[in-house]
file start.csv (CSV, C-alpha atoms and all ligand atoms)
chain,number,residue,atom,x,y,z
E,1,MET,CA,-18.1,6.4,18.0
E,2,LYS,CA,-14.8,4.8,18.9
E,3,THR,CA,-11.6,3.7,17.2
E,4,LEU,CA,-9.4,0.8,18.2
E,5,LEU,CA,-5.7,1.1,17.4
E,6,ILE,CA,-3.7,-2.1,17.3
E,7,SER,CA,0.1,-2.2,17.5
E,8,ALA,CA,1.8,-5.4,16.4
E,9,SER,CA,5.3,-4.4,17.4
E,10,PRO,CA,7.1,-6.5,19.9
E,11,ARG,CA,8.9,-3.4,21.1
E,12,ALA,CA,7.3,-1.1,23.7
E,13,ASN,CA,7.6,2.6,22.8
E,14,GLY,CA,8.9,1.7,19.3
E,15,ASN,CA,8.0,3.4,16.0
E,16,SER,CA,4.7,1.6,15.5
E,17,ASP,CA,3.5,2.6,19.0
E,18,THR,CA,4.7,6.2,18.4
E,19,LEU,CA,2.8,6.5,15.1
E,20,LEU,CA,-0.3,5.1,16.7
E,21,ALA,CA,-0.2,7.6,19.5
E,22,GLU,CA,0.0,10.4,17.0
E,23,ILE,CA,-2.9,9.0,14.9
E,24,ALA,CA,-4.9,8.7,18.1
E,25,ARG,CA,-4.3,12.4,18.8
E,26,GLY,CA,-5.6,13.2,15.4
E,27,ILE,CA,-8.7,11.1,15.9
E,28,GLU,CA,-9.4,12.5,19.3
E,29,SER,CA,-9.1,16.1,17.9
E,30,LYS,CA,-12.3,15.3,16.0
E,31,SER,CA,-14.0,14.1,19.2
E,32,VAL,CA,-13.9,10.4,18.4
E,33,GLU,CA,-12.8,8.2,21.3
E,34,THR,CA,-9.7,5.9,21.0
E,35,GLU,CA,-8.2,2.9,22.6
E,36,ILE,CA,-4.8,1.6,21.8
E,37,VAL,CA,-4.0,-2.1,22.3
E,38,TYR,CA,-0.6,-3.7,22.1
E,39,LEU,CA,-0.8,-7.3,20.8
E,40,ARG,CA,2.4,-8.2,22.7
E,41,ASP,CA,0.4,-7.9,25.9
E,42,TYR,CA,-2.2,-10.5,24.8
E,43,ALA,CA,-1.6,-14.2,24.4
E,44,ILE,CA,-3.0,-15.0,20.9
E,45,HIS,CA,-2.7,-18.5,19.5
E,46,PRO,CA,-2.4,-18.8,15.7
E,47,CYS,CA,-5.5,-20.0,13.9
E,48,ILE,CA,-5.3,-23.8,13.3
E,49,GLY,CA,-8.1,-24.0,10.7
E,50,CYS,CA,-10.2,-26.4,12.8
E,51,GLU,CA,-13.3,-24.7,11.3
E,52,GLN,CA,-15.2,-24.9,14.7
E,53,CYS,CA,-16.0,-21.3,14.3
E,54,ARG,CA,-18.2,-22.0,11.3
E,55,ARG,CA,-20.6,-23.7,13.7
E,56,ASP,CA,-20.0,-21.7,16.9
E,57,LYS,CA,-19.6,-18.1,15.4
E,58,THR,CA,-16.7,-17.5,17.6
E,59,CYS,CA,-13.4,-19.3,18.4
E,60,THR,CA,-14.2,-22.2,20.6
E,61,ARG,CA,-10.8,-23.9,20.1
E,62,PHE,CA,-8.8,-21.3,22.1
E,63,TYR,CA,-10.0,-19.2,25.0
E,64,ASP,CA,-7.1,-16.8,24.9
E,65,GLY,CA,-6.5,-13.0,24.5
E,66,MET,CA,-8.4,-12.9,21.3
E,67,HIS,CA,-11.6,-13.2,23.4
E,68,LEU,CA,-10.7,-10.0,25.1
E,69,LEU,CA,-10.3,-8.3,21.7
E,70,TYR,CA,-13.4,-9.6,19.9
E,71,PRO,CA,-15.8,-7.3,21.9
E,72,LYS,CA,-13.6,-4.3,21.3
E,73,ILE,CA,-13.5,-5.0,17.5
E,74,GLU,CA,-17.2,-5.3,17.4
E,75,ALA,CA,-17.8,-2.1,19.4
E,76,CYS,CA,-15.4,0.1,17.4
E,77,GLN,CA,-16.3,1.6,14.0
E,78,GLY,CA,-12.8,2.7,13.4
E,79,LEU,CA,-9.7,0.4,13.2
E,80,VAL,CA,-6.1,1.3,12.9
E,81,THR,CA,-3.5,-1.4,12.5
E,82,ALA,CA,0.2,-0.8,12.7
E,83,SER,CA,3.0,-3.3,12.1
E,84,PRO,CA,6.8,-3.0,11.6
E,85,ALA,CA,8.1,-4.8,8.5
E,86,TYR,CA,9.6,-8.1,9.6
E,87,ASN,CA,11.2,-9.8,6.6
E,88,TYR,CA,9.0,-8.0,4.1
E,89,ASN,CA,5.8,-8.8,6.0
E,90,ILE,CA,3.7,-8.1,9.1
E,91,THR,CA,4.9,-9.5,12.5
E,92,ALA,CA,3.7,-12.8,13.8
E,93,TYR,CA,1.5,-10.9,16.3
E,94,MET,CA,-0.5,-9.2,13.5
E,95,LYS,CA,-0.7,-12.4,11.4
E,96,ALA,CA,-2.2,-14.3,14.4
E,97,PHE,CA,-4.6,-11.4,15.1
E,98,ILE,CA,-5.9,-11.2,11.5
E,99,ASP,CA,-6.3,-14.9,11.1
E,100,ARG,CA,-8.3,-15.1,14.3
E,101,LEU,CA,-10.9,-12.8,12.8
E,102,TYR,CA,-12.0,-15.7,10.7
E,103,PRO,CA,-15.0,-16.5,12.9
E,104,TYR,CA,-16.7,-13.3,11.5
E,105,PHE,CA,-16.9,-14.8,8.0
E,106,GLU,CA,-20.0,-16.5,6.7
E,107,PHE,CA,-19.3,-18.9,3.9
E,108,THR,CA,-21.7,-20.6,1.6
E,109,ASN,CA,-21.4,-24.3,0.6
E,110,PRO,CA,-20.0,-25.7,-1.5
E,111,ARG,CA,-16.7,-24.0,-1.1
E,112,PRO,CA,-15.3,-22.0,-2.8
E,113,GLY,CA,-18.4,-19.8,-3.2
E,114,PRO,CA,-19.7,-16.4,-2.2
E,115,TYR,CA,-18.9,-15.3,1.4
E,116,SER,CA,-19.6,-12.3,3.6
E,117,CYS,CA,-18.5,-10.9,6.9
E,118,ARG,CA,-20.7,-10.1,9.9
E,119,LEU,CA,-18.6,-7.0,10.7
E,120,ALA,CA,-19.7,-5.5,7.4
E,121,SER,CA,-23.3,-4.9,8.7
E,122,THR,CA,-21.9,-1.7,10.3
E,123,TYR,CA,-19.9,1.0,8.5
E,124,ARG,CA,-16.3,0.6,9.6
E,125,ALA,CA,-13.3,2.7,8.5
E,126,LEU,CA,-9.6,1.5,8.4
E,127,LEU,CA,-6.1,2.9,8.4
E,128,THR,CA,-3.1,0.7,8.0
E,129,VAL,CA,0.4,1.6,8.9
E,130,GLY,CA,3.7,0.0,8.1
E,131,VAL,CA,7.1,1.1,9.4
E,132,CYS,CA,10.5,-0.2,8.2
E,133,GLU,CA,14.2,0.4,8.3
E,134,GLN,CA,15.0,0.7,4.7
E,135,ASN,CA,14.7,3.7,2.3
E,136,GLU,CA,11.9,2.6,0.0
E,137,ALA,CA,8.4,1.5,0.8
E,138,SER,CA,8.9,-1.5,-1.5
E,139,GLU,CA,11.4,-2.8,1.1
E,140,MET,CA,8.5,-3.3,3.5
E,141,GLY,CA,7.2,-5.8,1.0
E,142,TYR,CA,3.7,-7.2,1.9
E,143,THR,CA,3.4,-5.4,5.3
E,144,ILE,CA,0.7,-3.0,4.2
E,145,PRO,CA,-1.2,-5.1,1.8
E,146,ALA,CA,-1.2,-8.0,4.3
E,147,MET,CA,-3.3,-5.8,6.6
E,148,SER,CA,-5.3,-3.8,4.0
E,149,GLU,CA,-6.4,-6.6,1.8
E,150,ALA,CA,-7.4,-8.9,4.6
E,151,LEU,CA,-9.4,-6.2,6.4
E,152,LYS,CA,-11.1,-4.8,3.3
E,153,VAL,CA,-12.7,-8.1,2.6
E,154,MET,CA,-14.1,-8.0,6.1
E,155,GLY,CA,-16.0,-4.9,5.2
E,156,TYR,CA,-13.6,-2.1,6.3
E,157,ASP,CA,-13.5,1.0,4.2
E,158,LEU,CA,-9.7,1.7,3.7
E,159,ILE,CA,-9.2,5.4,4.3
E,160,ASP,CA,-5.4,5.5,4.0
E,161,GLU,CA,-2.2,3.5,4.1
E,162,LEU,CA,0.9,5.0,5.7
E,163,ALA,CA,4.2,3.6,4.6
E,164,ILE,CA,6.8,5.1,7.0
E,165,THR,CA,10.4,4.3,5.9
E,166,ARG,CA,13.9,4.9,7.3
E,167,HIS,CA,13.3,4.1,10.9
E,168,PHE,CA,15.3,1.4,12.6
E,169,ALA,CA,16.1,2.6,16.2
E,170,LEU,CA,13.5,2.3,19.0
E,171,GLY,CA,11.2,5.4,18.7
E,172,SER,CA,13.4,7.2,16.1
E,173,VAL,CA,10.2,8.3,14.4
E,174,LYS,CA,9.6,10.6,17.4
E,175,LYS,CA,12.0,13.1,15.7
E,176,ASP,CA,10.4,12.7,12.2
E,177,THR,CA,8.1,15.7,12.2
E,178,LYS,CA,6.9,14.8,8.6
E,179,ALA,CA,5.9,11.3,9.5
E,180,LEU,CA,4.2,12.5,12.7
E,181,SER,CA,2.3,15.1,10.9
E,182,ARG,CA,1.2,12.6,8.3
E,183,ALA,CA,0.0,10.3,11.1
E,184,TYR,CA,-1.9,13.0,12.8
E,185,LYS,CA,-3.7,14.0,9.6
E,186,ALA,CA,-4.5,10.4,8.8
E,187,GLY,CA,-6.2,10.2,12.2
E,188,GLU,CA,-8.2,13.3,11.5
E,189,GLN,CA,-9.2,11.9,8.1
E,190,LEU,CA,-10.4,8.6,9.7
E,191,ALA,CA,-12.5,10.5,12.3
E,192,THR,CA,-14.0,12.7,9.5
E,193,ALA,CA,-15.0,9.6,7.5
E,194,LEU,CA,-16.6,8.0,10.6
E,195,ALA,CA,-18.5,11.3,11.4
E,196,ALA,CA,-19.8,11.6,7.9
E,197,LYS,CA,-21.3,8.1,8.0
E,198,ALA,CA,-22.7,8.7,11.5
E,199,GLY,CA,-24.3,12.0,10.4
P,1,LIG,C1,13.2,-9.7,12.5
P,1,LIG,C2,13.2,-8.3,11.9
P,1,LIG,C3,13.0,-8.2,10.5
P,1,LIG,C4,13.0,-7.0,9.8
P,1,LIG,N1,12.7,-6.9,8.5
P,1,LIG,C5,12.7,-5.7,7.9
P,1,LIG,C6,12.4,-5.7,6.4
P,1,LIG,O1,12.1,-6.7,5.8
P,1,LIG,N2,12.5,-4.5,5.8
P,1,LIG,C7,12.9,-3.3,6.5
P,1,LIG,O2,13.0,-2.3,5.9
P,1,LIG,N3,13.1,-3.4,7.9
P,1,LIG,C8,13.0,-4.5,8.5
P,1,LIG,N4,13.2,-4.6,9.9
P,1,LIG,C9,13.4,-3.3,10.7
P,1,LIG,C10,12.1,-2.9,11.4
P,1,LIG,O3,11.0,-2.9,10.5
P,1,LIG,C11,12.3,-1.4,12.0
P,1,LIG,O4,13.3,-1.5,12.9
P,1,LIG,C12,11.0,-0.8,12.6
P,1,LIG,O5,11.3,0.5,12.8
P,1,LIG,C13,10.6,-1.5,13.9
P,1,LIG,O6,9.4,-1.0,14.3
P,1,LIG,P1,9.0,-0.9,15.9
P,1,LIG,O7,9.9,0.1,16.5
P,1,LIG,O8,7.6,-0.4,15.9
P,1,LIG,O9,9.2,-2.2,16.5
P,1,LIG,C14,13.2,-5.8,10.6
P,1,LIG,C15,13.5,-5.9,12.0
P,1,LIG,C16,13.5,-7.1,12.6
P,1,LIG,C17,13.8,-7.2,14.1
call {"tool": "encode", "arguments": {"input": "start.csv", "output": "structure tokens"}}
result
Amino acid sequence: MKTLLISASPRANGNSDTLLAEIARGIESKSVETEIVYLRDYAIHPCIGCEQCRRDKTCTRFYDGMHLLYPKIEACQGLVTASPAYNYNITAYMKAFIDRLYPYFEFTNPRPGPYSCRLASTYRALLTVGVCEQNEASEMGYTIPAMSEALKVMGYDLIDELAITRHFALGSVKKDTKALSRAYKAGEQLATALAAKAG
């Protein structure tokens, strides 16, 4: 069993990266392997809605960094996504990543109609993490639902959502023992959910 953790922060060693590292520690404490990827290190073109993937079952319009991530997504039963709030929403990196998961959907014609997702044939568990500068979680707007709602319809079982507020400076969350403990425990919880399904 393995979990893929995805950071959508443009800032290396920022708050999203720090929270993901702590979640990974929690996951690994339960003997589930982890891999952290930073979307800023991958060139990912936004989806252009060409619909070629309906026929080809993968993206045949852009041969970019997403093709390095597709095998990891398929191989990992656990997924953790983290994004800072950028203007009440996920960053452009996370938006491009989620939209480029579109090839996994199977739609029936005529549209709109019933649809399914090929990723759902395996049990998959999800944690979503939003981090923002302001005091209230409401001030991160759509950041968490933009990840949770999109990934739930792809078949992911949403284990928890972490809304971490009051962090602006690079890596300031490193001193927030409450947030770090919450992150570690959420990691443990994700690993426990995966182990329960595997057992
Ligand atoms: C372009 C931009 C937009 C932002 N929008 C918001 C926002 O809507 N709400 C908020 O509370 N913080 C906002 N912030 C602050 C970041 O969410 C905050 O600094 C966060 O800790 C950055 O996470 P990182 O260290 O993982 O990059 C914004 C920052 C930037 C650069």
call {"tool": "residues_near_point", "arguments": {"input": "start.csv", "point": "(-7.5, -28.0, 18.7)", "cutoff": "12 Å", "atoms": "only C-alpha atoms", "output": "PyMOL selection string"}}
result
chain E and resi 45-53+59-63
call {"tool": "residues_near_ligand", "arguments": {"input": "start.csv", "ligand": "ligand LIG 1 (chain P)", "cutoff": "8 Å", "atoms": "only C-alpha atoms and all ligand atoms", "output": "PyMOL selection string"}}
result
chain E and resi 7-18+83-89+131-137+139-141+165-172
call {"tool": "residues_near_point", "arguments": {"input": "start.csv", "point": "(-7.5, 13.8, 12.4)", "cutoff": "9 Å", "atoms": "all atoms listed in the file", "output": "short mmCIF file (atom, residue, chain, number, x, y, z; two decimals) with C-alpha atoms, keeping the file's coordinate frame"}}
result
data_model
loop_
_atom_site.label_atom_id
_atom_site.label_comp_id
_atom_site.auth_asym_id
_atom_site.auth_seq_id
_atom_site.Cartn_x
_atom_site.Cartn_y
_atom_site.Cartn_z
CA ILE E 23 -2.90 9.00 14.90
CA ALA E 24 -4.90 8.70 18.10
CA ARG E 25 -4.30 12.40 18.80
CA GLY E 26 -5.60 13.20 15.40
CA ILE E 27 -8.70 11.10 15.90
CA GLU E 28 -9.40 12.50 19.30
CA SER E 29 -9.10 16.10 17.90
CA LYS E 30 -12.30 15.30 16.00
CA ALA E 183 0.00 10.30 11.10
CA TYR E 184 -1.90 13.00 12.80
CA LYS E 185 -3.70 14.00 9.60
CA ALA E 186 -4.50 10.40 8.80
CA GLY E 187 -6.20 10.20 12.20
CA GLU E 188 -8.20 13.30 11.50
CA GLN E 189 -9.20 11.90 8.10
CA LEU E 190 -10.40 8.60 9.70
CA ALA E 191 -12.50 10.50 12.30
CA THR E 192 -14.00 12.70 9.50
#
call {"tool": "atom_distance", "arguments": {"input": "start.csv", "atom1": "CA of Glu22 in chain E", "atom2": "CA of Ile159 in chain E"}}
result
16.5 Å
call {"tool": "closest_residue", "arguments": {"input": "start.csv", "among": "E:Leu4, E:Ala193, E:Ala82, E:Met94", "to": "Leu69 in chain E", "atoms": "only C-alpha atoms"}}
result
E:Leu4
call {"tool": "atom_distance", "arguments": {"input": "start.csv", "atom1": "CA of Asp99 in chain E", "atom2": "CA of Tyr123 in chain E"}}
result
21.1 Å
call {"tool": "closest_residue", "arguments": {"input": "start.csv", "among": "E:Lys72, E:Lys174, E:Arg182, E:Arg40", "to": "Lys2 in chain E", "atoms": "only C-alpha atoms"}}
result
E:Lys72
call {"tool": "atom_distance", "arguments": {"input": "start.csv", "atom1": "CA of Ser181 in chain E", "atom2": "CA of Tyr93 in chain E"}}
result
26.6 Å
call {"tool": "closest_residue", "arguments": {"input": "start.csv", "among": "E:Met147, E:Cys117, E:Ala43, E:Ile36", "to": "Lys95 in chain E", "atoms": "all atoms listed in the file"}}
result
E:Met147
call {"tool": "closest_residue", "arguments": {"input": "start.csv", "among": "E:Arg124, E:Lys57, E:Arg111, E:Lys175", "to": "Lys152 in chain E", "atoms": "all atoms listed in the file"}}
result
E:Arg124
call {"tool": "build_atoms", "arguments": {"input": "start.csv", "residues": "range 25-37 of chain E", "atoms": "N, CA and C atoms", "output": "CSV table (one decimal), keeping the file's coordinate frame"}}
result
chain,number,residue,atom,x,y,z
E,25,ARG,N,-4.1,10.9,18.5
E,25,ARG,CA,-4.3,12.4,18.8
E,25,ARG,C,-5.1,13.0,17.8
E,26,GLY,N,-4.8,12.7,16.5
E,26,GLY,CA,-5.6,13.2,15.4
E,26,GLY,C,-7.0,12.8,15.4
E,27,ILE,N,-7.3,11.6,15.8
E,27,ILE,CA,-8.7,11.1,15.9
E,27,ILE,C,-9.4,11.8,17.0
E,28,GLU,N,-8.8,11.9,18.1
E,28,GLU,CA,-9.4,12.5,19.3
E,28,GLU,C,-9.7,14.0,19.1
E,29,SER,N,-8.8,14.6,18.2
E,29,SER,CA,-9.1,16.1,17.9
E,29,SER,C,-10.4,16.3,17.3
E,30,LYS,N,-11.0,15.2,16.7
E,30,LYS,CA,-12.3,15.3,16.0
E,30,LYS,C,-13.4,14.7,16.9
E,31,SER,N,-13.1,14.6,18.2
E,31,SER,CA,-14.0,14.1,19.2
E,31,SER,C,-14.5,12.6,19.0
E,32,VAL,N,-13.6,11.8,18.4
E,32,VAL,CA,-13.9,10.4,18.4
E,32,VAL,C,-12.9,9.7,19.4
E,33,GLU,N,-13.5,8.9,20.2
E,33,GLU,CA,-12.8,8.2,21.3
E,33,GLU,C,-11.8,7.2,20.7
E,34,THR,N,-10.7,6.9,21.4
E,34,THR,CA,-9.7,5.9,21.0
E,34,THR,C,-9.3,5.0,22.1
E,35,GLU,N,-8.9,3.8,21.7
E,35,GLU,CA,-8.2,2.9,22.6
E,35,GLU,C,-7.1,2.2,21.9
E,36,ILE,N,-5.9,2.2,22.5
E,36,ILE,CA,-4.8,1.6,21.8
E,36,ILE,C,-4.5,0.2,22.5
E,37,VAL,N,-4.4,-0.8,21.7
E,37,VAL,CA,-4.0,-2.1,22.3
E,37,VAL,C,-2.7,-2.6,21.7
